[in-house]
Amino acid sequence: MKKYAVIVAGGSGIRMGTAIPKQFLLLHGKPVLWHTLTAFLQAYDDMHIILVLPATHTDEGMELVKSLDAEKRISIAGGGASRFHSVQNGLKLITEPSVVFVHDGVRCLVTTALIQKCYEQALIKGSAIPVVTATDSIRMVEDESHFVLNRNQIRIIQTPQTFLSSLLFPAFEQTFEENFTDEATVVEAYGEAVFLIDGDYQNIKITRPVDILIAATVLTERLSA
């Protein structure tokens, strides 16, 4: 089946404390987004990527695509007012039945193994949402009180969230709601069940300066393995 990855890269450098958007920060001499795109290009030879970027960073995106020599495999779409609308814009460029991956552009440590595992499950179950078990103590706060939750029952959501297009496309025709925090919530709101799959603790999202240091260490370890 056809394979499309909608890579959402609309972040800013606010929490990173940088003027450069985090997806363009250098990691091992390459932009963070370069590593993300490379993982998807290497996962399958017939993978097509739709890179969703703010209009103000389209030029940087085009230069990055050229540096990968992947103009035939990567298209660029404009970002929207929210993640939901950005993904929606990316999906508009897909016109055939397919398996669709939706991935955070700054999850640059995603492995080809996880991408392939998500694809295989989506073919069978219709979806694959990678998750890891919480390792910290978790407390729920309600008004003035709070209580502990069983962390063994808590799952931290990752990407690529992967779906058959027959599920994802109609779900994204719904009107946007504030509780649409990821693609799984959108599909569930449409009335479809979603299915979890084991994620990868190294598949972190670059959000703060320490994350760049962690990612650099992981990449160094992978290169020396």
# chains A, B, ... in the order shown; residues from 1 in each chain; ligands from 1
call {"tool": "residues_around", "arguments": {"residues": "A:Val218", "least_positions_apart": "5", "cutoff": "12 Å", "atoms": "only C-alpha atoms", "output": "list in words"}}
result
Leu27, His28, Cys108, Leu109, Val110, Thr111, Tyr201, Gln202, Asn203, Ile204, Asp211, Ile212, Leu213, Leu223, Ser224 and Ala225 of chain A
call {"tool": "select_by_dssp", "arguments": {"residues": "stretch 164-206 of chain A", "states": "strand (DSSP E or B)", "output": "VMD selection string"}}
result
chain A and resid 164 196 to 198
call {"tool": "residues_around", "arguments": {"residues": "A:Leu123", "least_positions_apart": "3", "cutoff": "9 Å", "atoms": "only C-alpha atoms", "output": "list in words"}}
result
Met1, Val99, Cys118, Tyr119, Glu120, Gly126, Ser127, Phe163 and Leu164 of chain A
call {"tool": "write_last_selection", "arguments": {"atoms": "N, CA, C and O atoms", "output": "PDB file, in the first residue's frame"}}
result
ATOM      1  N   MET A   1       0.838  -1.203   0.000  1.00  0.00           N
ATOM      2  CA  MET A   1       0.000   0.000   0.000  1.00  0.00           C
ATOM      3  C   MET A   1       0.870   1.248   0.000  1.00  0.00           C
ATOM      4  O   MET A   1       1.981   1.232   0.530  1.00  0.00           O
ATOM      5  N   VAL A  99      -1.319   4.209   3.724  1.00  0.00           N
ATOM      6  CA  VAL A  99      -1.019   4.245   5.150  1.00  0.00           C
ATOM      7  C   VAL A  99      -0.349   5.593   5.407  1.00  0.00           C
ATOM      8  O   VAL A  99       0.606   5.959   4.714  1.00  0.00           O
ATOM      9  N   CYS A 118       5.115   0.366  12.998  1.00  0.00           N
ATOM     10  CA  CYS A 118       3.833   1.073  12.952  1.00  0.00           C
ATOM     11  C   CYS A 118       3.083   0.776  11.660  1.00  0.00           C
ATOM     12  O   CYS A 118       1.861   0.593  11.651  1.00  0.00           O
ATOM     13  N   TYR A 119       3.816   0.727  10.566  1.00  0.00           N
ATOM     14  CA  TYR A 119       3.202   0.432   9.266  1.00  0.00           C
ATOM     15  C   TYR A 119       2.549  -0.944   9.281  1.00  0.00           C
ATOM     16  O   TYR A 119       1.391  -1.108   8.860  1.00  0.00           O
ATOM     17  N   GLU A 120       3.281  -1.940   9.767  1.00  0.00           N
ATOM     18  CA  GLU A 120       2.768  -3.309   9.761  1.00  0.00           C
ATOM     19  C   GLU A 120       1.512  -3.438  10.618  1.00  0.00           C
ATOM     20  O   GLU A 120       0.552  -4.115  10.223  1.00  0.00           O
ATOM     21  N   GLY A 126      -5.552  -1.052  11.513  1.00  0.00           N
ATOM     22  CA  GLY A 126      -6.052   0.258  11.092  1.00  0.00           C
ATOM     23  C   GLY A 126      -5.304   1.424  11.685  1.00  0.00           C
ATOM     24  O   GLY A 126      -5.351   2.529  11.155  1.00  0.00           O
ATOM     25  N   SER A 127      -4.604   1.199  12.804  1.00  0.00           N
ATOM     26  CA  SER A 127      -3.853   2.285  13.424  1.00  0.00           C
ATOM     27  C   SER A 127      -2.733   1.733  14.290  1.00  0.00           C
ATOM     28  O   SER A 127      -2.753   0.555  14.688  1.00  0.00           O
ATOM     29  N   PHE A 163      -2.048   5.532  10.533  1.00  0.00           N
ATOM     30  CA  PHE A 163      -3.440   5.150  10.257  1.00  0.00           C
ATOM     31  C   PHE A 163      -3.627   4.761   8.797  1.00  0.00           C
ATOM     32  O   PHE A 163      -2.923   5.261   7.912  1.00  0.00           O
ATOM     33  N   LEU A 164      -4.618   3.928   8.567  1.00  0.00           N
ATOM     34  CA  LEU A 164      -5.123   3.779   7.210  1.00  0.00           C
ATOM     35  C   LEU A 164      -5.813   5.089   6.833  1.00  0.00           C
ATOM     36  O   LEU A 164      -6.523   5.689   7.644  1.00  0.00           O
TER      37      LEU A 164
END
call {"tool": "atom_distance", "arguments": {"atom1": "atom CA of A:Glu63", "atom2": "atom CA of A:Gln23"}}
result
13.6 Å
call {"tool": "atom_distance", "arguments": {"atom1": "atom CA of A:Ala77", "atom2": "atom CA of A:Ala5"}}
result
12.2 Å
call {"tool": "residues_around", "arguments": {"residues": "stretch 34-51 of chain A", "least_positions_apart": "4", "cutoff": "9 Å", "atoms": "only C-alpha atoms", "output": "PyMOL selection string"}}
result
chain A and resi 2-9+23-24+27+30+61+64-65+67-68+70+72-78+90-91+93-94+103-113+115-116
call {"tool": "atom_distance", "arguments": {"atom1": "atom CA of A:Lys92", "atom2": "atom CA of A:Leu168"}}
result
11.5 Å
call {"tool": "select_by_dssp", "arguments": {"residues": "stretch 56-98 of chain A", "states": "alpha helix (DSSP H)", "output": "PyMOL selection string"}}
result
chain A and resi 58-67+83-91
call {"tool": "closest_residue", "arguments": {"among": "A:Val210, A:Ile124, A:Val131, A:Val52", "to": "A:Leu33", "atoms": "only C-alpha atoms"}}
result
A:Val52
call {"tool": "closest_residue", "arguments": {"among": "A:Ser86, A:Thr159, A:Thr133, A:Thr58", "to": "A:Phe101", "atoms": "only C-alpha atoms"}}
result
A:Thr159
call {"tool": "residues_around", "arguments": {"residues": "stretch 142-156 of chain A", "least_positions_apart": "4", "cutoff": "7 Å", "atoms": "only C-alpha atoms", "output": "ChimeraX atom specification"}}
result
/A:131-135,137-138
call {"tool": "closest_residue", "arguments": {"among": "A:Gln88, A:Gln161, A:Thr95, A:Thr181", "to": "A:Val194", "atoms": "only C-alpha atoms"}}
result
A:Gln161
call {"tool": "closest_residue", "arguments": {"among": "A:Met62, A:Ile206, A:His85, A:Leu219", "to": "A:Pro21", "atoms": "only C-alpha atoms"}}
result
A:Ile206
call {"tool": "residues_around", "arguments": {"residues": "A:Glu183", "least_positions_apart": "6", "cutoff": "9 Å", "atoms": "only C-alpha atoms", "output": "PyMOL selection string"}}
result
chain A and resi 84+87+102+161-162+168+171-172
call {"tool": "residues_around", "arguments": {"residues": "A:Ile197", "least_positions_apart": "5", "cutoff": "7 Å", "atoms": "only C-alpha atoms", "output": "number ranges by chain"}}
result
A: 128-131
call {"tool": "closest_residue", "arguments": {"among": "A:Pro54, A:Pro170, A:Gly29, A:Pro160", "to": "A:Ala216", "atoms": "only C-alpha atoms"}}
result
A:Gly29
